[in-house]
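Each remark here refers to the structure printed beneath this line.
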Amino acid sequence: MESPPEFDPPAQGAGKKRKRRGPKKATKSHLENAALHYLGRFASSAENLRQVLMRRVVRSARFHDTDPEEGRTFVDDIIERYIRAGLLNDGAFAEARAADLHRRGTPVMGIRYRLKQRGVGEADVERALDALAQDLDGRDTDQAAAWAFARRRRLGPFRGDDPAIRAEYREKDMAALARAGFDYDTARRVADAADPDWSA
């Protein structure tokens, strides 16, 4: 006697679709594990981690019909404990992130915007930018960032010594620097520089 169709074994390699699972319930221990996992992979501000965890709480509330306010209480507790324990430090995060963005060629305006996107408060943003300026020993912060950007993208003096090639790509180099957020004078100084050493 044949089995009903729903019990027929699938052919080799066929029908291996996995049933999609919903989000896990946002219990205190699950949120704690998620927070530690996230911090193990990424540096974060307190507000950014709060947003990451609250997204889990909201998904859980929709799927499991759990109370989002209870989840919010769990998240607030985790954030407060991590700040006290030193696992979250917005000032240190802002300084490290600002330095990294600057090394990659992000101007001050872009650094400020990205830090605020990650939930860093105005005071910590200003302290991070002040620390960055001090590390440059009086050199212009945006000029240094523009040089780093040009080096990474091989623009201006980093195209080589051939004046014809430099002239051919000058407008494109200026446009790339402008799109990255640098003002006209900074872009012009980099595009027209004779020497790849910006401090020369």
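Chain labels A, B, ... are given in the sequence in which chains occur in the structure tokens; within each chain residues are numbered consecutively from 1, and ligands are likewise numbered from 1 in the order shown.
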Legend entry - Spatial neighbours of Gly22 (chain A), 12 Å, only C-alpha atoms, chain gap at least 4 places, as a list in words: Ala26, Arg56, Arg59, Ser60, Ala61, Arg62, Phe63 and His64 of chain A
Inset, instruction - For region 157-163 of chain A, please output as a list in words all residues within 10 Å (counting only C-alpha atoms; exclusion window: fewer than 4 positions along the same chain). - result: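 Skipping anything fewer than 4 positions along the chain leaves Trp147, Ala150, Arg151, Arg152, Arg153, Ala167, Glu168, Tyr169, Asp173, Val190, Ala191, Asp192, Ala193, Ala194, Asp195, Pro196, Asp197 and Trp198 of chain A.
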Close residues, Ala34 (chain A) itself excluded, 10 Å, only C-alpha atoms, min 4 positions apart in chain, as a compact mmCIF listing (two decimals) with N, CA and C atoms, in the first residue's frame:
# COMPACT_ATOMS: atom_id res chain seq x y z
N ALA A 26 13.17 37.51 22.41
CA ALA A 26 14.11 38.47 23.00
C ALA A 26 14.08 38.39 24.52
N LYS A 28 16.11 38.09 28.23
CA LYS A 28 17.26 38.82 28.75
C LYS A 28 18.57 38.11 28.38
N SER A 29 18.60 36.78 28.51
CA SER A 29 19.83 36.04 28.20
C SER A 29 20.13 36.08 26.71
N HIS A 30 19.10 36.02 25.87
CA HIS A 30 19.33 36.09 24.42
C HIS A 30 19.89 37.46 24.03
N TYR A 38 27.90 40.91 19.30
CA TYR A 38 28.06 42.12 18.48
C TYR A 38 29.34 42.87 18.87
N LEU A 39 29.55 43.04 20.18
CA LEU A 39 30.74 43.77 20.64
C LEU A 39 32.02 42.99 20.35
N GLY A 40 31.92 41.67 20.23
CA GLY A 40 33.08 40.87 19.85
C GLY A 40 33.48 41.08 18.40
N LEU A 49 24.60 50.26 20.00
CA LEU A 49 24.27 48.92 20.52
C LEU A 49 22.81 48.86 20.95
N VAL A 52 20.76 48.32 17.86
CA VAL A 52 20.92 46.94 17.37
C VAL A 52 20.04 45.99 18.19
N LEU A 53 20.09 46.12 19.51
CA LEU A 53 19.32 45.23 20.37
C LEU A 53 17.81 45.51 20.27
N ARG A 56 16.10 43.72 17.53
CA ARG A 56 15.77 42.34 17.90
C ARG A 56 14.49 42.28 18.74
Inset, instruction - Could you tell me which of A:Asp76, A:Glu122, A:Glu70, A:Asp142 comes closest to Thr106 (chain A) if we count only C-alpha atoms? - result: A:Asp142
Inset, instruction - Extract the full set of helix (DSSP H, G or I) residues from chain A according to DSSP on the backbone, and format it as a PyMOL selection string. - result: chain A and resi 5-7+28-41+46-64+68-85+90-103+108-117+122-135+141-153+156-159+163-179+184-191
Inset, instruction - Choose the residue, out of A:Leu129, A:Asp65, A:Asn48, A:Leu87, that has the smallest atom-to-atom separation from Leu36 (chain A); count only C-alpha atoms. - result: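 Closest residue, counting only C-alpha atoms: A:Leu87.
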Legend entry - Spatial neighbours of Ala148 (chain A), 7 Å, only C-alpha atoms, chain gap at least 6 places, as a PyMOL selection string: chain A and resi 103-105
Dump N, CA and C atoms for the selected residues as a PDB file, in the first residue's frame?
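That gives us out-v3.pdb:
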ATOM      1  N   ARG A 103      42.334  58.375   8.715  1.00  0.00           N
ATOM      2  CA  ARG A 103      43.405  57.641   7.998  1.00  0.00           C
ATOM      3  C   ARG A 103      42.941  57.194   6.616  1.00  0.00           C
ATOM      4  N   ARG A 104      41.639  56.903   6.500  1.00  0.00           N
ATOM      5  CA  ARG A 104      41.097  56.451   5.222  1.00  0.00           C
ATOM      6  C   ARG A 104      40.715  57.615   4.309  1.00  0.00           C
ATOM      7  N   GLY A 105      40.905  58.844   4.788  1.00  0.00           N
ATOM      8  CA  GLY A 105      40.675  60.000   3.936  1.00  0.00           C
ATOM      9  C   GLY A 105      39.303  60.627   4.055  1.00  0.00           C
TER      10      GLY A 105
END
Inset, instruction - Find the spatial neighbours of Pro107 (chain A), counting only C-alpha atoms, within a cut-off of 12 Å - ignore same-chain residues fewer than 6 positions away - and output them as a list in words. - result: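 Residues near the query, excluding close chain neighbours: Ala98, Ala99, Asp100, Leu101, Tyr113, Arg114, Leu129, Leu132, Ala133, Asp140, Thr141, Asp142, Gln143, Ala144, Ala145, Ala146, Trp147, Ala148, Phe149, Leu177, Ala178, Arg179, Ala180, Gly181, Phe182, Asp183, Thr186 and Ala187 of chain A.
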Inset, instruction - Rank A:Phe93, A:Tyr82, A:Tyr184, A:Phe42 by their smallest atom-to-atom distance to Val120 (chain A), using only C-alpha atoms, and report the top residue only. - result: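 Looking at the shortest contact to Val120 (chain A), the residue is A:Phe93.
Using only C-alpha atoms, the nearest neighbour of Glu69 (chain A) within the list A:Val108, A:Ser45, A:Thr27, A:Leu115 is A:Thr27.
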